[in-house]
$ cat model26.txt   # compact mmCIF, C-alpha atoms
# COMPACT_ATOMS: atom_id res chain seq x y z
CA MET G 256 13.78 20.18 34.69
CA ASN G 257 12.20 20.98 31.36
CA ARG G 258 13.83 17.94 29.82
CA ARG G 259 12.43 15.66 32.54
CA ALA G 260 8.98 17.14 32.10
CA SER G 261 9.27 16.67 28.37
CA ILE G 262 10.32 13.02 28.72
CA GLY G 263 7.51 12.39 31.18
CA ASP G 264 5.00 14.00 28.83
CA VAL G 265 6.05 11.54 26.13
CA LEU G 266 6.70 8.30 28.03
CA VAL G 267 3.63 8.05 30.24
CA PRO G 268 0.90 9.14 27.76
CA GLY G 269 2.60 7.20 24.96
CA ALA G 270 2.82 4.01 27.02
CA ILE G 271 -0.79 4.25 28.23
CA GLY G 272 -2.04 5.11 24.75
CA GLY G 273 -0.08 2.18 23.32
CA LEU G 274 -1.59 -0.19 25.89
CA LEU G 275 -5.10 1.02 25.01
CA ALA G 276 -4.41 0.62 21.28
CA GLY G 277 -3.03 -2.89 21.86
CA ALA G 278 -6.12 -3.77 23.91
CA VAL G 279 -8.39 -2.60 21.06
CA VAL G 280 -6.61 -4.89 18.57
CA ALA G 281 -6.64 -7.80 21.01
CA LEU G 282 -10.38 -7.41 21.73
CA TRP G 283 -11.19 -7.06 18.02
CA LEU G 284 -9.35 -10.26 17.07
CA PHE G 285 -10.76 -12.06 20.11
CA GLY G 286 -14.26 -11.12 18.94
CA VAL G 287 -13.47 -12.38 15.43
CA ASP G 288 -12.20 -15.69 16.85
CA LEU G 289 -15.19 -16.02 19.17
CA ILE G 290 -17.70 -15.48 16.37
CA GLN G 291 -15.90 -18.06 14.22
CA GLY G 292 -15.97 -20.57 17.08
CA HIS G 293 -12.19 -20.65 17.68
CA PRO G 294 -11.40 -18.53 20.77
CA LEU G 295 -7.77 -17.34 20.99
CA ALA G 296 -6.90 -18.95 17.65
CA THR G 297 -5.38 -15.73 16.24
CA PRO G 298 -2.83 -15.08 19.04
CA ALA G 299 -1.91 -18.77 18.97
CA VAL G 300 -1.28 -18.71 15.21
CA LEU G 301 0.63 -15.43 15.40
CA GLY G 302 2.67 -16.77 18.32
CA GLN G 303 3.48 -19.84 16.26
CA ALA G 304 4.61 -17.65 13.33
CA LEU G 305 6.78 -15.38 15.50
CA PHE G 306 8.28 -17.85 17.99
CA GLN G 307 8.31 -20.86 15.64
CA PRO G 308 8.15 -23.67 18.23
CA PRO G 309 8.85 -27.20 16.91
CA GLU G 310 5.20 -28.22 17.34
CA PHE G 311 2.08 -26.08 17.24
CA GLN G 312 0.17 -26.30 20.50
CA MET G 313 -2.16 -23.72 21.99
CA THR G 314 -0.44 -23.55 25.36
CA PHE G 315 -0.56 -20.94 28.11
CA ARG G 316 3.14 -20.18 27.60
CA LEU G 317 2.67 -19.53 23.89
CA LEU G 318 -0.32 -17.25 24.46
CA ALA G 319 1.40 -15.44 27.35
CA GLY G 320 4.58 -14.92 25.33
CA TYR G 321 2.69 -13.52 22.35
CA THR G 322 0.55 -11.28 24.61
CA ILE G 323 3.65 -9.80 26.27
CA LEU G 324 5.25 -9.19 22.87
CA HIS G 325 2.01 -7.71 21.48
CA PHE G 326 1.57 -5.15 24.25
CA GLY G 327 5.30 -4.43 24.43
CA VAL G 328 5.37 -3.48 20.75
CA PHE G 329 2.30 -1.28 21.16
CA VAL G 330 3.85 0.50 24.16
CA LEU G 331 6.97 1.28 22.11
CA LEU G 332 4.85 2.45 19.17
CA GLY G 333 2.75 4.60 21.50
CA ILE G 334 5.84 6.28 22.97
CA ALA G 335 7.33 6.84 19.51
CA THR G 336 4.04 8.32 18.29
CA ALA G 337 3.74 10.62 21.32
CA TRP G 338 7.30 11.86 20.69
CA PHE G 339 6.59 12.38 16.98
CA VAL G 340 3.39 14.32 17.65
CA ARG G 341 5.12 16.49 20.23
CA ALA G 342 8.31 17.03 18.20
CA PHE G 343 6.46 18.15 15.08
CA HIS G 344 3.76 20.09 16.97
CA LEU G 345 0.91 18.03 15.53
CA ALA G 346 -2.59 18.08 16.98
CA PRO G 347 -3.71 14.52 17.83
CA GLY G 348 -6.93 13.83 15.96
CA LEU G 349 -9.00 10.96 14.67
CA LEU G 350 -7.93 11.50 11.07
CA LEU G 351 -4.26 11.35 12.07
CA GLY G 352 -5.03 8.26 14.13
CA LEU G 353 -6.75 6.60 11.17
CA ALA G 354 -3.70 7.27 8.98
CA PHE G 355 -1.39 5.98 11.72
CA GLY G 356 -3.39 2.77 12.10
CA VAL G 357 -3.81 2.02 8.41
CA VAL G 358 -0.22 2.88 7.44
CA VAL G 359 2.18 2.50 10.39
CA LEU G 360 0.51 -0.37 12.24
CA ASP G 361 -0.06 -2.33 9.03
CA VAL G 362 3.59 -1.86 8.00
CA VAL G 363 4.79 -3.05 11.42
CA TYR G 364 2.44 -6.05 11.43
CA TYR G 365 3.14 -7.29 7.91
CA GLY G 366 6.83 -6.41 8.16
CA ALA G 367 7.21 -8.56 11.27
CA LEU G 368 5.46 -11.49 9.58
CA LEU G 369 7.56 -11.17 6.42
CA LEU G 370 10.74 -11.28 8.51
CA THR G 371 9.64 -14.63 9.96
CA GLY G 372 9.12 -16.05 6.47
CA ALA G 373 5.46 -16.81 7.20
CA ASN G 374 2.79 -16.75 4.51
CA VAL G 375 1.17 -13.42 5.32
CA ALA G 376 -2.08 -14.19 3.49
CA GLU G 377 -2.69 -17.35 5.51
CA ILE G 378 -2.16 -15.90 9.00
CA VAL G 379 -4.99 -13.38 9.44
CA ALA G 380 -7.11 -12.02 6.59
CA TRP G 381 -6.22 -8.42 5.72
CA TYR G 382 -9.83 -7.31 5.96
CA GLN G 383 -9.73 -8.31 9.64
CA VAL G 384 -6.37 -6.66 10.33
CA ILE G 385 -6.98 -3.24 8.75
CA PRO G 386 -10.17 -2.33 10.73
CA ALA G 387 -8.48 -3.42 13.97
CA ASN G 388 -5.42 -1.29 13.28
CA ALA G 389 -7.56 1.68 12.20
CA LEU G 390 -9.50 1.56 15.48
CA ALA G 391 -6.26 1.16 17.44
CA GLY G 392 -4.71 4.20 15.77
CA MET G 393 -7.76 6.36 16.52
CA THR G 394 -7.80 5.11 20.14
CA LEU G 395 -4.15 6.06 20.59
CA MET G 396 -4.69 9.55 19.17
CA ALA G 397 -7.82 10.04 21.25
CA TYR G 398 -5.87 9.31 24.43
CA LEU G 399 -2.96 11.54 23.39
CA HIS G 400 -5.46 14.30 22.64
CA ARG G 401 -6.92 13.95 26.13
CA ALA G 402 -3.54 13.65 27.87
CA SER G 403 -2.08 16.72 26.14
CA ARG G 404 -5.22 18.78 26.82
CA GLU G 405 -5.24 19.76 23.16
CA GLN G 406 -7.54 22.72 22.42
CA GLN G 407 -8.32 21.74 18.85
CA PRO G 408 -11.33 19.43 18.39
CA LEU G 409 -10.63 15.70 18.25
CA GLY G 410 -13.02 14.52 15.58
CA TRP G 411 -16.28 15.92 14.26
CA GLY G 412 -15.50 19.31 15.79
CA ILE G 413 -12.87 19.84 13.08
CA LEU G 414 -15.67 19.85 10.52
CA ARG G 415 -17.54 22.75 12.13
CA GLY G 416 -15.94 25.16 9.71
CA HIS G 417 -16.87 22.98 6.72
CA PRO G 418 -20.69 22.68 6.70
CA LEU G 419 -20.78 21.43 3.10
CA LEU G 420 -18.47 18.53 3.98
CA VAL G 421 -20.61 17.70 7.02
CA GLN G 422 -23.74 17.72 4.89
CA GLY G 423 -22.08 15.41 2.35
CA ILE G 424 -20.97 12.95 5.04
CA VAL G 425 -24.41 12.84 6.66
CA THR G 426 -26.04 12.47 3.21
CA GLY G 427 -23.80 9.50 2.43
CA LEU G 428 -24.46 7.88 5.81
CA ILE G 429 -28.21 8.16 5.20
CA GLY G 430 -27.90 6.50 1.79
CA ALA G 431 -25.66 3.75 3.16
CA ALA G 432 -28.09 3.03 6.01
CA VAL G 433 -31.12 2.89 3.69
CA VAL G 434 -29.48 0.39 1.32
CA ALA G 435 -28.07 -1.71 4.19
CA LEU G 436 -31.46 -1.91 5.94
CA TRP G 437 -33.23 -2.77 2.67
CA PHE G 438 -30.98 -5.73 1.91
CA LEU G 439 -30.93 -6.81 5.56
CA GLY G 440 -34.73 -7.03 5.41
CA LEU G 441 -34.59 -9.07 2.19
CA ASP G 442 -31.96 -11.40 3.69
CA LEU G 443 -34.05 -11.91 6.83
CA LEU G 444 -37.13 -12.72 4.75
CA ALA G 445 -35.06 -15.24 2.77
CA GLY G 446 -33.82 -16.83 6.00
CA ARG G 447 -30.13 -15.99 5.46
CA PRO G 448 -29.15 -12.89 7.49
CA PHE G 449 -26.25 -10.79 6.16
CA HIS G 450 -25.93 -12.93 3.03
CA THR G 451 -25.88 -9.93 0.67
CA PRO G 452 -22.94 -8.07 2.33
CA ALA G 453 -21.14 -11.40 2.72
CA ALA G 454 -21.61 -12.15 -0.99
CA LEU G 455 -20.50 -8.66 -2.07
CA GLY G 456 -17.57 -8.77 0.35
CA SER G 457 -16.52 -12.21 -0.91
CA ALA G 458 -16.65 -10.97 -4.50
CA LEU G 459 -14.80 -7.74 -3.69
CA PHE G 460 -12.11 -9.04 -1.31
CA LEU G 461 -11.80 -12.75 -2.11
CA GLY G 462 -12.69 -12.85 -5.81
CA ALA G 463 -15.66 -15.20 -5.33
CA GLN G 464 -17.33 -16.18 -8.60
CA SER G 465 -20.48 -17.93 -7.38
CA ASP G 466 -22.84 -18.21 -4.45
CA ALA G 467 -21.09 -21.40 -3.36
CA GLU G 468 -17.88 -19.42 -2.70
CA VAL G 469 -19.49 -16.92 -0.31
CA HIS G 470 -17.54 -16.71 2.95
CA MET G 471 -19.36 -15.51 6.08
CA SER G 472 -17.13 -13.99 8.77
CA PHE G 473 -17.19 -11.00 11.08
CA GLY G 474 -14.01 -9.54 9.57
CA LEU G 475 -15.36 -9.84 6.02
CA LEU G 476 -18.66 -8.19 6.97
CA ALA G 477 -16.83 -5.40 8.80
CA GLY G 478 -14.47 -4.81 5.88
CA TYR G 479 -17.29 -4.68 3.34
CA THR G 480 -19.36 -2.40 5.59
CA MET G 481 -16.47 0.07 5.74
CA ALA G 482 -16.14 0.01 1.95
CA HIS G 483 -19.93 0.38 1.58
CA VAL G 484 -20.07 3.40 3.91
CA ALA G 485 -16.98 5.01 2.33
CA ALA G 486 -18.49 4.74 -1.16
CA PHE G 487 -21.77 6.32 -0.06
CA VAL G 488 -20.00 9.09 1.86
CA ALA G 489 -18.03 9.94 -1.29
CA ALA G 490 -21.29 9.99 -3.29
CA GLY G 491 -22.97 12.09 -0.60
CA ILE G 492 -20.19 14.69 -0.75
CA VAL G 493 -20.57 14.86 -4.54
CA ILE G 494 -24.35 15.32 -4.25
CA ALA G 495 -24.03 18.01 -1.57
CA ALA G 496 -21.43 19.85 -3.65
CA ALA G 497 -23.70 19.60 -6.72
CA ALA G 498 -26.60 21.09 -4.76
CA ALA G 499 -24.43 23.97 -3.53
CA TYR G 500 -23.21 24.58 -7.08
CA LEU G 501 -26.79 24.64 -8.38
CA GLU G 502 -27.80 27.10 -5.68
CA ARG G 503 -25.14 29.49 -6.99
CA THR G 504 -25.67 28.80 -10.71
CA PRO G 505 -29.13 27.24 -11.20
CA SER G 506 -28.87 27.58 -15.00
CA ARG G 507 -26.41 24.65 -15.05
CA VAL G 508 -28.98 22.12 -13.87
CA LEU G 509 -28.56 19.96 -16.98
CA VAL G 510 -24.79 19.79 -16.50
CA VAL G 511 -25.20 18.67 -12.89
CA ALA G 512 -27.88 16.13 -13.83
CA LEU G 513 -25.62 14.68 -16.52
CA ALA G 514 -22.70 14.46 -14.07
CA LEU G 515 -24.84 12.58 -11.52
CA ILE G 516 -26.08 10.19 -14.21
CA VAL G 517 -22.49 9.49 -15.27
CA MET G 518 -21.51 8.86 -11.64
CA GLU G 519 -24.37 6.38 -11.24
CA ALA G 520 -23.40 4.65 -14.50
CA VAL G 521 -19.78 4.32 -13.38
CA ILE G 522 -20.81 2.80 -10.05
CA VAL G 523 -23.20 0.30 -11.63
CA SER G 524 -20.62 -0.63 -14.29
CA ALA G 525 -17.99 -1.25 -11.61
CA LEU G 526 -20.41 -3.54 -9.77
CA LEU G 527 -21.26 -5.40 -12.95
CA LEU G 528 -17.59 -5.96 -13.73
CA GLY G 529 -16.63 -7.01 -10.22
CA ALA G 530 -19.66 -8.94 -8.98
CA GLU G 531 -22.12 -9.60 -11.79
CA TRP G 532 -23.25 -12.90 -10.28
CA VAL G 533 -24.13 -11.19 -6.98
CA LEU G 534 -26.35 -8.62 -8.71
CA GLY G 535 -28.00 -11.41 -10.71
CA SER G 536 -28.80 -13.38 -7.57
CA LEU G 537 -30.25 -10.31 -5.85
CA GLY G 538 -32.62 -9.50 -8.68
CA VAL G 539 -32.89 -6.34 -10.74
CA TRP G 540 -36.00 -5.21 -8.88
CA ALA G 541 -34.26 -5.37 -5.49
CA ILE G 542 -31.31 -3.31 -6.73
CA THR G 543 -33.61 -0.78 -8.41
CA VAL G 544 -35.72 -0.31 -5.28
CA ALA G 545 -32.58 0.05 -3.14
CA ASN G 546 -31.22 2.75 -5.47
CA VAL G 547 -34.53 4.62 -5.59
CA LEU G 548 -34.89 4.57 -1.80
CA ALA G 549 -31.31 5.70 -1.25
CA VAL G 550 -31.50 8.52 -3.81
CA ALA G 551 -34.86 9.67 -2.40
CA ALA G 552 -33.55 9.73 1.18
CA MET G 553 -30.30 11.47 0.24
CA GLY G 554 -32.09 13.94 -2.03
CA TRP G 555 -34.61 14.77 0.69
CA TYR G 556 -31.85 15.53 3.19
CA VAL G 557 -29.88 17.70 0.75
CA TRP G 558 -33.09 19.46 -0.38
CA ARG G 559 -33.84 20.40 3.25
CA GLY G 560 -30.38 21.96 3.55
CA HIS G 561 -30.89 24.15 0.46
CA ARG G 562 -34.34 25.65 0.91
CA ALA G 563 -33.67 28.41 -1.61
CA LEU G 564 -32.79 25.91 -4.35
CA PRO G 565 -36.37 25.08 -5.53
CA GLU G 566 -37.23 28.74 -5.99
CA ARG G 567 -33.98 29.48 -7.84
CA LEU G 568 -34.46 26.51 -10.15
CA ARG G 569 -38.04 27.56 -10.89
CA HIS G 570 -36.95 30.98 -12.17
CA ALA G 571 -33.66 29.96 -13.79
CA THR G 572 -32.94 29.98 -17.49
CA VAL G 573 -31.48 26.59 -18.30
CA ASP G 574 -28.23 26.50 -20.26
CA VAL G 575 -28.17 23.77 -22.90
$ encode --input "model26.txt" --output "structure tokens"
Amino acid sequence: MNRRASIGDVLVPGAIGGLLAGAVVALWLFGVDLIQGHPLATPAVLGQALFQPPEFQMTFRLLAGYTILHFGVFVLLGIATAWFVRAFHLAPGLLLGLAFGVVVLDVVYYGALLLTGANVAEIVAWYQVIPANALAGMTLMAYLHRASREQQPLGWGILRGHPLLVQGIVTGLIGAAVVALWFLGLDLLAGRPFHTPAALGSALFLGAQSDAEVHMSFGLLAGYTMAHVAAFVAAGIVIAAAAAYLERTPSRVLVVALALIVMEAVIVSALLLGAEWVLGSLGVWAITVANVLAVAAMGWYVWRGHRALPERLRHATVDV
């Protein structure tokens, strides 16, 4: 009886979670194809790579065969994941889902393509695959969390016991939004929406060396946006930690200031090495204003969270 209940607790939630995860990937790639003006091109190309028919034709049979295989694989992965979570007494959460999507789903996807002998780089760009798999992994874990009636929080609730980490994440999101909105406004005024993230994404992911090599696609914009947000969240966590450190030891203000200056120098140097032509085309003034606005917004938010800091700095003896 217990064994049947255990099998049922794994099979049904795992299968449903796998179907939902497979639907997320399918909808993501369908959206990418639709924006690029080639609906259903991705499942047709993947079907061609996996089934290897003598001639490539976007037929109903090819699309149906690939769709059945796609959802069948996700059902099996969902069941295996549900068993793994249950066997090792893990709490399904978004962070675990993100790791599952980025690691397990990517390994399965690229492993299957490598077994067919297909050129992996030419099938679907990796910056389109990774976000889709990350969302699928989090969707699967979210459903398993709901199905198992897990008491531990799914996502943001986990951070309730870590207020400094929450402050750092919010600080980074504020900075990322300010910079993104600033360059979106400049791109709109120049009559070329989203050109800046497309240029930076092309330089970062595709190795573009000039404005003529900029590639505009939904997947590229999504991939660069994720990198943009991740970088600012990391910087926000550093800034929040620096503010908390100063609140405890205000005499070390020069040390913290020097550390933040070094961090800014490292970031700018990395941009100069990886995408110097992009920064040149944007203009020094635009980059400077973006940095000033972001730092001001992030500093304002952190300052509000440490109301005792101004008074402690005012009466502190600075260590040199």
$ closest_residue --input "model26.txt" --among "G:Ala463, G:Leu443, G:Met481, G:Val358" --to "Asn388 of chain G" --atoms "all atoms listed in the file"
G:Val358
$ residues_around --input "model26.txt" --residues "Leu345 of chain G" --least-positions-apart "3" --cutoff "12 Å" --atoms "all atoms listed in the file" --output "MDAnalysis selection string"
chainID G and resid 336:342 348 350:352 396 399:400 403 405:407
$ residues_near_point --input "model26.txt" --point "(2.3, -18.8, 27.7)" --cutoff "12 Å" --atoms "only C-alpha atoms" --output "list in words"
Pro298, Ala299, Gly302, Gln303, Phe306, Gln312, Met313, Thr314, Phe315, Arg316, Leu317, Leu318, Ala319, Gly320, Tyr321, Thr322, Ile323 and Leu324 of chain G
$ atom_distance --input "model26.txt" --atom1 "atom CA of Leu349 of chain G" --atom2 "atom CA of Met393 of chain G"
5.1 Å
$ atom_distance --input "model26.txt" --atom1 "atom CA of Leu444 of chain G" --atom2 "atom CA of Gly430 of chain G"
21.5 Å
$ build_atoms --input "model26.txt" --residues "segment 276-311 of chain G" --atoms "N, CA and C atoms" --output "mmCIF file, keeping the file's coordinate frame"
data_model
loop_
_atom_site.group_PDB
_atom_site.id
_atom_site.type_symbol
_atom_site.label_atom_id
_atom_site.label_comp_id
_atom_site.auth_asym_id
_atom_site.auth_seq_id
_atom_site.Cartn_x
_atom_site.Cartn_y
_atom_site.Cartn_z
ATOM 1 N N ALA G 276 -4.347 1.022 22.694
ATOM 2 C CA ALA G 276 -4.410 0.620 21.280
ATOM 3 C C ALA G 276 -4.212 -0.884 21.144
ATOM 4 N N GLY G 277 -3.255 -1.445 21.898
ATOM 5 C CA GLY G 277 -3.030 -2.890 21.860
ATOM 6 C C GLY G 277 -4.242 -3.653 22.363
ATOM 7 N N ALA G 278 -4.914 -3.115 23.382
ATOM 8 C CA ALA G 278 -6.120 -3.770 23.910
ATOM 9 C C ALA G 278 -7.238 -3.772 22.870
ATOM 10 N N VAL G 279 -7.359 -2.677 22.096
ATOM 11 C CA VAL G 279 -8.390 -2.600 21.060
ATOM 12 C C VAL G 279 -8.167 -3.699 20.012
ATOM 13 N N VAL G 280 -6.914 -3.855 19.560
ATOM 14 C CA VAL G 280 -6.610 -4.890 18.570
ATOM 15 C C VAL G 280 -6.873 -6.271 19.137
ATOM 16 N N ALA G 281 -6.446 -6.494 20.383
ATOM 17 C CA ALA G 281 -6.640 -7.800 21.010
ATOM 18 C C ALA G 281 -8.130 -8.137 21.137
ATOM 19 N N LEU G 282 -8.938 -7.172 21.574
ATOM 20 C CA LEU G 282 -10.380 -7.410 21.730
ATOM 21 C C LEU G 282 -11.048 -7.628 20.377
ATOM 22 N N TRP G 283 -10.616 -6.897 19.368
ATOM 23 C CA TRP G 283 -11.190 -7.060 18.020
ATOM 24 C C TRP G 283 -10.945 -8.485 17.514
ATOM 25 N N LEU G 284 -9.690 -8.929 17.574
ATOM 26 C CA LEU G 284 -9.350 -10.260 17.070
ATOM 27 C C LEU G 284 -9.963 -11.356 17.939
ATOM 28 N N PHE G 285 -10.088 -11.091 19.236
ATOM 29 C CA PHE G 285 -10.760 -12.060 20.110
ATOM 30 C C PHE G 285 -12.227 -12.207 19.715
ATOM 31 N N GLY G 286 -12.871 -11.073 19.396
ATOM 32 C CA GLY G 286 -14.260 -11.120 18.940
ATOM 33 C C GLY G 286 -14.402 -11.880 17.634
ATOM 34 N N VAL G 287 -13.452 -11.655 16.702
ATOM 35 C CA VAL G 287 -13.470 -12.380 15.430
ATOM 36 C C VAL G 287 -13.343 -13.882 15.682
ATOM 37 N N ASP G 288 -12.397 -14.273 16.540
ATOM 38 C CA ASP G 288 -12.200 -15.690 16.850
ATOM 39 C C ASP G 288 -13.420 -16.290 17.531
ATOM 40 N N LEU G 289 -14.027 -15.519 18.419
ATOM 41 C CA LEU G 289 -15.190 -16.020 19.170
ATOM 42 C C LEU G 289 -16.369 -16.257 18.232
ATOM 43 N N ILE G 290 -16.596 -15.335 17.315
ATOM 44 C CA ILE G 290 -17.700 -15.480 16.370
ATOM 45 C C ILE G 290 -17.468 -16.678 15.451
ATOM 46 N N GLN G 291 -16.224 -16.934 15.099
ATOM 47 C CA GLN G 291 -15.900 -18.060 14.220
ATOM 48 C C GLN G 291 -15.803 -19.382 14.969
ATOM 49 N N GLY G 292 -15.972 -19.334 16.288
ATOM 50 C CA GLY G 292 -15.970 -20.570 17.080
ATOM 51 C C GLY G 292 -14.594 -21.079 17.434
ATOM 52 N N HIS G 293 -13.555 -20.226 17.350
ATOM 53 C CA HIS G 293 -12.190 -20.650 17.680
ATOM 54 C C HIS G 293 -11.547 -19.608 18.596
ATOM 55 N N PRO G 294 -11.948 -19.550 19.862
ATOM 56 C CA PRO G 294 -11.400 -18.530 20.770
ATOM 57 C C PRO G 294 -9.875 -18.641 20.888
ATOM 58 N N LEU G 295 -9.218 -17.474 20.832
ATOM 59 C CA LEU G 295 -7.770 -17.340 20.990
ATOM 60 C C LEU G 295 -6.967 -18.008 19.873
ATOM 61 N N ALA G 296 -7.625 -18.322 18.761
ATOM 62 C CA ALA G 296 -6.900 -18.950 17.650
ATOM 63 C C ALA G 296 -5.889 -17.978 17.032
ATOM 64 N N THR G 297 -6.266 -16.703 16.890
ATOM 65 C CA THR G 297 -5.380 -15.730 16.240
ATOM 66 C C THR G 297 -4.084 -15.510 17.019
ATOM 67 N N PRO G 298 -4.119 -15.223 18.337
ATOM 68 C CA PRO G 298 -2.830 -15.080 19.040
ATOM 69 C C PRO G 298 -2.003 -16.349 19.035
ATOM 70 N N ALA G 299 -2.665 -17.508 19.030
ATOM 71 C CA ALA G 299 -1.910 -18.770 18.970
ATOM 72 C C ALA G 299 -1.196 -18.919 17.638
ATOM 73 N N VAL G 300 -1.891 -18.597 16.540
ATOM 74 C CA VAL G 300 -1.280 -18.710 15.210
ATOM 75 C C VAL G 300 -0.166 -17.675 15.041
ATOM 76 N N LEU G 301 -0.404 -16.463 15.504
ATOM 77 C CA LEU G 301 0.630 -15.430 15.400
ATOM 78 C C LEU G 301 1.830 -15.774 16.276
ATOM 79 N N GLY G 302 1.577 -16.326 17.459
ATOM 80 C CA GLY G 302 2.670 -16.770 18.320
ATOM 81 C C GLY G 302 3.489 -17.858 17.668
ATOM 82 N N GLN G 303 2.785 -18.778 16.992
ATOM 83 C CA GLN G 303 3.480 -19.840 16.260
ATOM 84 C C GLN G 303 4.379 -19.246 15.162
ATOM 85 N N ALA G 304 3.849 -18.248 14.430
ATOM 86 C CA ALA G 304 4.610 -17.650 13.330
ATOM 87 C C ALA G 304 5.830 -16.887 13.842
ATOM 88 N N LEU G 305 5.692 -16.208 14.984
ATOM 89 C CA LEU G 305 6.780 -15.380 15.500
ATOM 90 C C LEU G 305 7.816 -16.169 16.282
ATOM 91 N N PHE G 306 7.360 -17.103 17.131
ATOM 92 C CA PHE G 306 8.280 -17.850 17.990
ATOM 93 C C PHE G 306 8.764 -19.151 17.345
ATOM 94 N N GLN G 307 7.968 -19.656 16.395
ATOM 95 C CA GLN G 307 8.310 -20.860 15.640
ATOM 96 C C GLN G 307 8.731 -22.031 16.532
ATOM 97 N N PRO G 308 7.843 -22.468 17.438
ATOM 98 C CA PRO G 308 8.150 -23.670 18.230
ATOM 99 C C PRO G 308 8.139 -24.909 17.332
ATOM 100 N N PRO G 309 8.792 -25.993 17.755
ATOM 101 C CA PRO G 309 8.850 -27.200 16.910
ATOM 102 C C PRO G 309 7.486 -27.800 16.618
ATOM 103 N N GLU G 310 6.552 -27.708 17.546
ATOM 104 C CA GLU G 310 5.200 -28.220 17.340
ATOM 105 C C GLU G 310 4.203 -27.143 17.726
ATOM 106 N N PHE G 311 3.106 -27.085 16.940
ATOM 107 C CA PHE G 311 2.080 -26.080 17.240
ATOM 108 C C PHE G 311 1.124 -26.613 18.295
#
